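Structure data follow from structure28.cif (mmCIF, C-alpha atoms):
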```
data_final
#
loop_
_atom_site.label_atom_id
_atom_site.label_comp_id
_atom_site.auth_asym_id
_atom_site.auth_seq_id
_atom_site.Cartn_x
_atom_site.Cartn_y
_atom_site.Cartn_z
CA MET A 1 -5.43 44.81 -37.95
CA THR A 2 -5.70 43.28 -34.48
CA SER A 3 -4.16 45.27 -31.61
CA ILE A 4 -3.14 43.36 -28.46
CA GLY A 5 -2.43 45.13 -25.18
CA ILE A 6 0.69 43.87 -23.39
CA GLY A 7 1.88 44.27 -19.82
CA VAL A 8 5.39 43.17 -18.79
CA LEU A 9 6.64 42.37 -15.31
CA GLY A 10 10.40 42.94 -15.14
CA ALA A 11 12.55 45.63 -16.78
CA GLY A 12 15.90 43.83 -16.53
CA PHE A 13 17.75 42.07 -19.35
CA ILE A 14 15.05 39.55 -20.21
CA GLY A 15 12.22 42.09 -19.86
CA GLN A 16 14.04 44.36 -22.30
CA MET A 17 14.53 41.46 -24.71
CA HIS A 18 10.79 40.77 -24.69
CA SER A 19 10.05 44.49 -25.09
CA LEU A 20 12.26 44.63 -28.18
CA ALA A 21 10.83 41.35 -29.47
CA PHE A 22 7.21 42.47 -29.31
CA ARG A 23 8.02 45.76 -31.04
CA ASN A 24 9.79 43.83 -33.80
CA ALA A 25 7.07 41.18 -34.05
CA GLY A 26 4.61 43.88 -35.04
CA VAL A 27 6.37 44.31 -38.39
CA SER A 28 6.58 40.61 -39.27
CA ALA A 29 5.57 39.75 -42.82
CA ARG A 30 3.30 36.98 -41.54
CA MET A 31 -0.42 37.39 -41.91
CA PRO A 32 -2.71 38.40 -40.42
CA ARG A 33 -1.10 41.60 -39.20
CA LEU A 34 -0.98 41.75 -35.41
CA ARG A 35 -0.10 44.99 -33.67
CA PRO A 36 1.36 44.76 -30.13
CA ARG A 37 0.39 47.66 -27.89
CA LEU A 38 3.03 48.08 -25.17
CA LYS A 39 0.74 49.26 -22.42
CA LEU A 40 2.52 48.94 -19.07
CA ILE A 41 5.87 47.75 -17.71
CA CYS A 42 6.54 47.00 -14.05
CA ASP A 43 9.77 46.88 -12.08
CA ARG A 44 10.63 47.13 -8.42
CA THR A 45 13.00 49.97 -9.34
CA GLY A 46 10.92 52.93 -10.47
CA PHE A 47 13.70 54.62 -12.43
CA GLN A 48 14.41 51.39 -14.33
CA ALA A 49 10.74 50.92 -15.19
CA GLN A 50 10.35 54.49 -16.43
CA ASP A 51 13.58 54.38 -18.41
CA ILE A 52 12.56 51.17 -20.22
CA ALA A 53 9.05 52.53 -20.78
CA ASP A 54 10.56 55.57 -22.50
CA ARG A 55 13.03 53.53 -24.56
CA TYR A 56 10.58 50.99 -25.92
CA GLY A 57 7.47 53.13 -26.13
CA TYR A 58 5.30 51.81 -23.31
CA GLU A 59 2.32 53.96 -22.43
CA GLY A 60 3.23 53.83 -18.75
CA SER A 61 5.25 52.20 -15.96
CA THR A 62 4.48 50.98 -12.46
CA LEU A 63 6.07 49.57 -9.33
CA ASP A 64 3.23 47.11 -8.71
CA TRP A 65 2.44 44.18 -11.02
CA ARG A 66 -1.15 44.27 -9.75
CA ASP A 67 -1.66 47.39 -11.88
CA ILE A 68 -1.05 45.23 -14.97
CA VAL A 69 -3.52 42.62 -13.73
CA ALA A 70 -6.16 45.29 -13.12
CA ASP A 71 -5.79 47.02 -16.51
CA PRO A 72 -8.72 46.01 -18.76
CA ASP A 73 -6.82 47.02 -21.92
CA ILE A 74 -4.10 44.40 -21.33
CA ALA A 75 -4.77 40.99 -22.90
CA LEU A 76 -1.32 39.44 -22.47
CA PHE A 77 0.68 39.30 -19.23
CA VAL A 78 4.41 38.75 -19.82
CA ASN A 79 6.18 37.59 -16.67
CA ALA A 80 9.89 38.37 -17.01
CA GLY A 81 10.45 38.85 -13.29
CA PRO A 82 12.78 36.89 -10.99
CA ASN A 83 11.93 33.22 -10.51
CA ASP A 84 10.30 33.80 -7.12
CA LEU A 85 7.79 36.14 -8.81
CA HIS A 86 6.63 33.74 -11.50
CA GLY A 87 3.81 32.04 -9.62
CA GLU A 88 1.54 34.54 -7.86
CA PRO A 89 1.47 37.25 -10.58
CA SER A 90 0.93 34.72 -13.39
CA ILE A 91 -1.95 33.07 -11.54
CA ALA A 92 -3.53 36.43 -10.69
CA ALA A 93 -3.26 37.57 -14.31
CA ALA A 94 -4.87 34.36 -15.59
CA GLN A 95 -7.69 34.64 -13.06
CA ALA A 96 -8.28 38.17 -14.37
CA GLY A 97 -8.72 36.70 -17.87
CA LYS A 98 -5.31 37.62 -19.27
CA HIS A 99 -3.25 35.20 -21.34
CA VAL A 100 0.09 34.34 -19.71
CA PHE A 101 3.58 34.27 -21.20
CA CYS A 102 6.02 33.31 -18.41
CA GLU A 103 9.79 33.07 -18.42
CA LYS A 104 11.64 29.88 -17.60
CA PRO A 105 12.24 28.22 -15.25
CA LEU A 106 8.53 28.31 -14.49
CA ALA A 107 9.20 28.21 -10.73
CA SER A 108 11.90 27.56 -8.16
CA THR A 109 10.61 24.04 -7.47
CA ALA A 110 8.49 21.43 -9.21
CA ASP A 111 5.80 21.85 -6.53
CA GLU A 112 5.51 25.57 -7.30
CA ALA A 113 5.60 24.93 -11.04
CA TYR A 114 2.85 22.32 -10.79
CA ALA A 115 0.64 24.64 -8.72
CA THR A 116 1.20 27.51 -11.17
CA TRP A 117 0.43 25.40 -14.23
CA LYS A 118 -2.73 23.90 -12.74
CA ALA A 119 -4.06 27.25 -11.48
CA VAL A 120 -3.46 29.00 -14.82
CA GLU A 121 -4.80 26.04 -16.81
CA ALA A 122 -8.01 26.05 -14.75
CA THR A 123 -8.87 29.57 -15.96
CA GLY A 124 -8.95 28.55 -19.63
CA VAL A 125 -6.53 31.25 -20.83
CA LYS A 126 -3.71 30.52 -23.26
CA HIS A 127 -0.27 30.12 -21.72
CA LEU A 128 3.30 29.79 -22.94
CA CYS A 129 6.58 29.11 -21.12
CA ALA A 130 9.48 30.97 -22.73
CA PHE A 131 11.82 28.19 -23.82
CA LYS A 132 13.04 30.37 -26.65
CA TYR A 133 15.23 27.75 -28.37
CA ARG A 134 12.01 26.28 -29.77
CA SER A 135 11.84 29.40 -31.95
CA PHE A 136 15.29 29.01 -33.55
CA PRO A 137 15.06 28.15 -37.27
CA ALA A 138 17.95 25.64 -37.15
CA LEU A 139 16.42 23.73 -34.25
CA ASN A 140 13.03 23.66 -35.97
CA LEU A 141 14.69 22.19 -39.04
CA ALA A 142 16.42 19.64 -36.80
CA ARG A 143 13.06 18.64 -35.30
CA GLN A 144 11.53 18.31 -38.76
CA MET A 145 14.39 16.09 -39.95
CA ILE A 146 14.15 13.88 -36.87
CA ARG A 147 10.37 13.52 -37.21
CA ASP A 148 10.70 12.74 -40.93
CA GLY A 149 13.06 9.88 -40.08
CA GLU A 150 16.09 11.35 -41.86
CA LEU A 151 18.34 10.40 -38.94
CA GLY A 152 16.80 6.95 -38.53
CA GLU A 153 16.22 5.64 -35.00
CA ILE A 154 17.49 8.17 -32.46
CA ARG A 155 20.07 6.71 -30.09
CA HIS A 156 21.75 9.70 -28.40
CA PHE A 157 21.11 13.30 -27.34
CA ARG A 158 23.92 15.30 -25.75
CA SER A 159 24.34 18.92 -24.78
CA ARG A 160 26.54 21.38 -22.97
CA PHE A 161 25.84 24.96 -21.87
CA LEU A 162 28.90 26.84 -20.62
CA LEU A 163 29.27 30.50 -19.67
CA THR A 164 30.33 32.72 -16.80
CA MET A 165 28.01 34.74 -14.58
CA LEU A 166 30.83 35.82 -12.27
CA THR A 167 31.77 39.51 -11.99
CA PRO A 168 35.23 41.01 -11.41
CA ASP A 169 34.20 42.36 -7.99
CA GLY A 170 32.94 38.97 -6.79
CA ASN A 171 29.43 40.25 -6.06
CA LEU A 172 26.76 37.68 -6.91
CA SER A 173 23.37 38.40 -8.49
CA TRP A 174 19.98 37.10 -7.34
CA ARG A 175 20.42 34.16 -9.71
CA PHE A 176 22.93 32.68 -7.23
CA SER A 177 20.40 32.72 -4.37
CA ARG A 178 18.41 29.56 -3.70
CA SER A 179 15.55 31.53 -2.12
CA LYS A 180 15.29 33.92 -5.09
CA ALA A 181 16.14 31.69 -8.04
CA GLY A 182 15.72 28.14 -6.82
CA HIS A 183 18.30 25.98 -8.56
CA GLY A 184 21.31 27.61 -10.20
CA ALA A 185 23.09 26.21 -13.27
CA VAL A 186 20.80 23.17 -13.20
CA GLY A 187 17.59 25.19 -13.45
CA ASP A 188 18.73 28.41 -15.11
CA LEU A 189 20.87 26.87 -17.84
CA GLY A 190 20.20 23.14 -17.83
CA SER A 191 16.45 23.61 -18.16
CA HIS A 192 16.94 24.96 -21.71
CA HIS A 193 18.61 21.78 -22.91
CA VAL A 194 16.32 19.48 -20.95
CA ASP A 195 13.43 21.10 -22.82
CA LEU A 196 15.31 20.76 -26.11
CA ALA A 197 15.75 17.02 -25.53
CA ARG A 198 11.98 16.81 -25.07
CA PHE A 199 11.32 19.05 -28.11
CA LEU A 200 13.64 17.14 -30.42
CA VAL A 201 13.69 13.53 -29.21
CA GLY A 202 11.48 12.50 -26.29
CA GLU A 203 10.55 12.70 -22.63
CA VAL A 204 13.15 12.24 -19.88
CA THR A 205 12.45 9.14 -17.76
CA ARG A 206 15.44 8.77 -15.38
CA VAL A 207 18.56 10.74 -14.47
CA GLY A 208 21.87 10.43 -12.66
CA ALA A 209 23.83 13.58 -11.80
CA ILE A 210 26.89 15.18 -10.20
CA ILE A 211 26.30 18.75 -8.99
CA LYS A 212 28.95 21.22 -7.78
CA SER A 213 29.00 24.65 -6.15
CA TRP A 214 32.04 26.87 -5.48
CA SER A 215 30.80 30.48 -5.56
CA ARG A 216 30.84 32.85 -2.60
CA ASP A 217 29.35 36.36 -2.47
CA ALA A 218 32.07 38.96 -1.82
CA ARG A 219 29.55 41.21 -0.04
CA GLY A 220 28.31 38.38 2.15
CA GLU A 221 24.70 39.22 1.27
CA ILE A 222 23.85 35.98 -0.53
CA THR A 223 24.40 33.16 1.94
CA ASP A 224 22.20 30.51 0.28
CA VAL A 225 24.27 30.03 -2.90
CA ASN A 226 22.80 27.42 -5.23
CA ASP A 227 24.59 25.14 -7.73
CA ASP A 228 27.31 26.30 -10.14
CA ALA A 229 27.60 23.25 -12.40
CA VAL A 230 25.97 19.93 -13.28
CA VAL A 231 26.86 16.85 -15.29
CA CYS A 232 23.89 14.57 -15.86
CA ALA A 233 23.30 11.28 -17.69
CA ALA A 234 19.70 10.43 -18.58
CA GLU A 235 17.42 8.08 -20.48
CA LEU A 236 14.58 9.17 -22.75
CA ASP A 237 11.26 7.42 -23.28
CA ASN A 238 12.30 6.01 -26.67
CA GLY A 239 15.32 4.31 -25.08
CA ALA A 240 17.84 6.91 -26.25
CA THR A 241 20.60 8.09 -23.92
CA ALA A 242 21.00 11.76 -23.08
CA SER A 243 23.60 13.92 -21.38
CA PHE A 244 23.33 17.43 -20.00
CA GLU A 245 26.29 19.53 -18.86
CA ALA A 246 25.93 23.11 -17.65
CA SER A 247 28.22 25.55 -15.89
CA ARG A 248 27.87 29.23 -15.05
CA VAL A 249 31.50 29.53 -13.80
CA ALA A 250 33.32 28.50 -17.02
CA GLY A 251 35.25 31.75 -17.21
CA ALA A 252 36.56 31.51 -20.79
CA HIS A 253 33.14 30.88 -22.34
CA ASN A 254 30.80 33.67 -23.41
CA LEU A 255 27.86 31.50 -24.47
CA ASN A 256 28.94 27.99 -25.41
CA GLY A 257 25.78 26.05 -26.15
CA VAL A 258 26.04 22.81 -28.13
CA VAL A 259 23.34 20.25 -28.90
CA GLU A 260 23.95 16.97 -30.75
CA VAL A 261 21.60 14.20 -31.86
CA ASP A 262 22.73 10.83 -33.20
CA GLY A 263 20.56 8.38 -35.10
CA THR A 264 21.14 5.13 -36.96
CA ARG A 265 21.25 6.95 -40.32
CA GLY A 266 22.83 10.29 -39.44
CA SER A 267 23.62 12.94 -36.85
CA LEU A 268 22.99 16.65 -36.23
CA SER A 269 24.91 19.30 -34.34
CA PHE A 270 23.85 22.84 -33.36
CA HIS A 271 26.16 25.50 -31.89
CA MET A 272 24.61 28.52 -30.18
CA GLU A 273 27.37 30.85 -31.34
CA ARG A 274 26.50 29.91 -34.94
CA LEU A 275 22.74 29.87 -34.59
CA ASN A 276 21.99 30.06 -38.33
CA GLU A 277 23.76 26.77 -38.99
CA LEU A 278 22.96 23.10 -38.60
CA VAL A 279 25.83 20.63 -39.02
CA ILE A 280 24.63 17.41 -40.67
CA TYR A 281 26.65 14.17 -40.54
CA GLU A 282 25.98 11.31 -42.95
CA PRO A 283 27.70 7.88 -42.93
CA GLY A 284 30.74 7.84 -45.19
CA ARG A 285 30.41 11.50 -46.15
CA GLY A 286 31.51 13.48 -43.09
CA PRO A 287 29.94 16.74 -41.90
CA ARG A 288 28.33 19.44 -44.00
CA VAL A 289 27.12 22.83 -42.75
CA GLN A 290 23.57 23.77 -43.70
CA MET A 291 22.70 27.47 -43.43
CA VAL A 292 19.07 27.50 -42.28
CA THR A 293 18.22 30.76 -44.04
CA GLY A 294 16.75 29.57 -47.34
CA ALA A 295 13.29 30.25 -48.70
CA HIS A 296 12.12 26.73 -47.78
CA HIS A 297 13.42 26.83 -44.21
CA PRO A 298 11.51 27.58 -40.97
CA TYR A 299 10.76 31.29 -40.45
CA ALA A 300 11.90 32.22 -43.98
CA ASP A 301 8.60 34.08 -44.43
CA PHE A 302 8.95 36.05 -41.20
CA TRP A 303 10.82 39.20 -42.22
CA LEU A 304 11.92 40.08 -45.76
CA PRO A 305 11.64 38.31 -49.12
CA VAL A 306 14.31 35.61 -49.35
CA GLY A 307 16.41 34.99 -52.45
CA ILE A 308 16.34 38.30 -54.34
CA GLN A 309 19.06 39.77 -52.13
CA GLY A 310 20.57 36.49 -50.97
CA GLN A 311 20.13 34.64 -47.70
CA HIS A 312 20.66 36.83 -44.65
CA PRO A 313 21.61 35.41 -41.22
CA LEU A 314 19.31 35.98 -38.27
CA GLY A 315 20.30 37.02 -34.76
CA TRP A 316 19.35 36.49 -31.12
CA SER A 317 16.68 39.21 -31.09
CA ASP A 318 15.11 37.83 -34.29
CA CYS A 319 14.47 34.51 -32.54
CA PHE A 320 12.87 36.31 -29.60
CA ALA A 321 10.61 38.05 -32.13
CA HIS A 322 9.62 34.66 -33.59
CA GLN A 323 8.48 33.63 -30.12
CA ALA A 324 6.68 36.93 -29.47
CA ARG A 325 4.79 36.84 -32.79
CA HIS A 326 3.70 33.28 -32.05
CA MET A 327 2.22 34.33 -28.70
CA LEU A 328 0.42 37.25 -30.34
CA ALA A 329 -1.10 34.82 -32.86
CA VAL A 330 -2.15 32.52 -30.00
CA VAL A 331 -3.85 35.40 -28.16
CA ALA A 332 -5.60 36.46 -31.38
CA GLY A 333 -6.89 32.92 -31.86
CA HIS A 334 -4.98 32.21 -35.07
CA GLU A 335 -2.57 29.55 -33.75
CA GLU A 336 -2.20 27.01 -30.95
CA VAL A 337 0.68 27.17 -28.49
CA ALA A 338 2.16 23.82 -29.60
CA PRO A 339 4.82 23.11 -30.68
CA ARG A 340 6.01 25.94 -28.43
CA ALA A 341 6.11 25.18 -24.70
CA THR A 342 3.07 25.58 -22.47
CA LEU A 343 3.16 25.94 -18.69
CA ARG A 344 2.64 22.17 -18.61
CA ASP A 345 6.00 21.84 -20.34
CA GLY A 346 7.40 24.33 -17.84
CA TYR A 347 6.17 22.13 -14.99
CA ARG A 348 7.54 18.94 -16.57
CA VAL A 349 10.98 20.48 -17.03
CA ALA A 350 10.86 21.63 -13.39
CA GLU A 351 10.05 18.08 -12.30
CA ILE A 352 13.04 16.77 -14.27
CA ILE A 353 15.29 19.47 -12.78
CA ASP A 354 14.18 18.60 -9.23
CA THR A 355 14.90 14.95 -9.97
CA ILE A 356 18.39 15.82 -11.27
CA VAL A 357 19.07 17.72 -8.03
CA ARG A 358 17.76 14.79 -5.98
CA SER A 359 20.05 12.43 -7.88
CA GLY A 360 22.99 14.72 -7.13
CA GLU A 361 22.13 14.45 -3.44
CA THR A 362 21.52 10.69 -3.30
CA GLY A 363 24.27 9.64 -5.71
CA ARG A 364 21.82 7.29 -7.43
CA PHE A 365 19.90 7.21 -10.69
CA GLU A 366 16.43 8.55 -9.95
CA PRO A 367 13.20 8.01 -11.91
CA VAL A 368 11.27 11.06 -13.09
CA ILE A 369 7.68 10.88 -11.84
CA PHE A 370 5.24 13.37 -13.38
CA ARG A 371 1.96 14.58 -11.91
CA GLU A 372 -1.06 15.20 -14.13
#
```

How would this structure read if it were set down as structure tokens?
Amino acid sequence: MTSIGIGVLGAGFIGQMHSLAFRNAGVSARMPRLRPRLKLICDRTGFQAQDIADRYGYEGSTLDWRDIVADPDIALFVNAGPNDLHGEPSIAAAQAGKHVFCEKPLASTADEAYATWKAVEATGVKHLCAFKYRSFPALNLARQMIRDGELGEIRHFRSRFLLTMLTPDGNLSWRFSRSKAGHGAVGDLGSHHVDLARFLVGEVTRVGAIIKSWSRDARGEITDVNDDAVVCAAELDNGATASFEASRVAGAHNLNGVVEVDGTRGSLSFHMERLNELVIYEPGRGPRVQMVTGAHHPYADFWLPVGIQGQHPLGWSDCFAHQARHMLAVVAGHEEVAPRATLRDGYRVAEIIDTIVRSGETGRFEPVIFRE
């Protein structure tokens, strides 16, 4: 059995999700068996780091991410820190020979994302950007159906991502700060669905957007509040239209994420709050709900035998484990990163996000221009 040492930067919500995911990934039914070794977790708050180390079974905790970079027993650097800490630590880890698994958005700006991707790529290590929706069984089935031509020629992609990040006391988190997070709803939420459009249908070529911001920090500490909402129309490289709507101030929504794809022969719909299901529309027949939990579906071989005891729904943490197990297999040399997202994908999404923001400022459709 292969053991892989892991170091995680960030002990907040997303760092804890990755910690749980790697522990769970170690008991996947997939072969070969890969054993994650939770070596070191870092957080700027010492108590938080130690508490999470104790909860998830890390061998130690630290206040300085450089300790992870310097540890020879760590093969995989997981960057779950704030957006402004994605670049420098990820590059340093790669230059120390560690494989890099970085949260999205890859950076606060496309310039930073490009520099991070190119610097990590130059070292030759494996790298993955954590667009976790690529590890959802239903969305993998959707991609398979689209690629097999079951929907015919794709004409439309549309999405919305609605939730609330506001608190009763009116105090804003670092995610509302342009200097800490970069873009707000556009980058934090919209980037997920921009990547999904690329994963399912094709590359984004031009965009036109309206962007809004209303939030104010009750404490007065965050004075550079970024965007709260975006509505964007776009065109993909196959000629299909696309739309992206995202809001972090939609108070009645817990996690409303919807993705739809229309083709000349059929349509698909995915709802985040029903992540085991894919709604399939066929001409003259109306919608049918397909539970993506059968023995022939993506990730059916991941946990328990399917069929003897029925088909059991998966949850949010299961999909994180799918992603974590994939990265372990990449580090062990058993799989390639694709079709999961690399840092190149992270850069490309950042370039699209910057172009959406620019369109919101100019009031014009703007072309997306990628650097190689």

(message) If we count all atoms listed in the file and set the cut-off at 12 Å, which residues sit around A:Pro339, ignoring sequence neighbours fewer than 6 positions away in its own chain? Please answer as a ChimeraX atom specification.
(response) /A:128-129,131-135,140,143-144,195-196,198-200,323,326-327,330,345

Leaving out A:Val279 and any residue of its chain fewer than 4 positions from it, which residues lie within 6 Å of it when counting all atoms listed in the file, given as a compact mmCIF listing (two decimals) with C-alpha atoms, in the frame of the given file?
```
# COMPACT_ATOMS: atom_id res chain seq x y z
CA LEU A 268 22.99 16.65 -36.23
CA SER A 269 24.91 19.30 -34.34
CA ARG A 288 28.33 19.44 -44.00
CA VAL A 289 27.12 22.83 -42.75
```

(message) Can you tell me which residues surround A:Glu245 at a distance of at most 12 Å, considering all atoms listed in the file, apart from same-chain residues fewer than 4 positions away, and format the answer as a VMD selection string?
(response) chain A and resid 157 to 163 185 to 187 189 to 194 208 to 212 228 to 234 250 256 to 259 356

(request) Enter the distance from atom CA of A:Arg248 to atom CA of A:Ser215, in Å, rounded to one decimal. (result)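 If I compute the distance from atom CA of A:Arg248 to atom CA of A:Ser215, I get 10.0 Å.
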
(message) Can you pull out the residues contacting A:Gln48? Cut-off 10 Å, using all atoms listed in the file, and skip same-chain residues under 5 positions away; I want them as a list in words.
(response)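 My list of contacting residues is Gly10, Ala11, Gly12, Ile41, Cys42, Asp43, Ala53, Asp54, Ser61 and Leu63 of chain A.
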
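Straight-line separation from atom CA of A:Thr109 to atom CA of A:Gly182: 6.6 Å.
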
(message) Can you measure atom CA of A:Ser317 to atom CA of A:Leu141 for me? One decimal in Å is fine.
(response) 18.9 Å

(request) Pick out the residues sitting within 8 Å of stretch 94-105 of chain A, and hand them over as a PyMOL selection string; count all atoms listed in the file, and ignore anything fewer than 3 positions along from it in its own chain. (result) chain A and resi 69-70+74-81+83+86+90-91+108+120+123+125-131+187-188+191+327+331+343+346+350
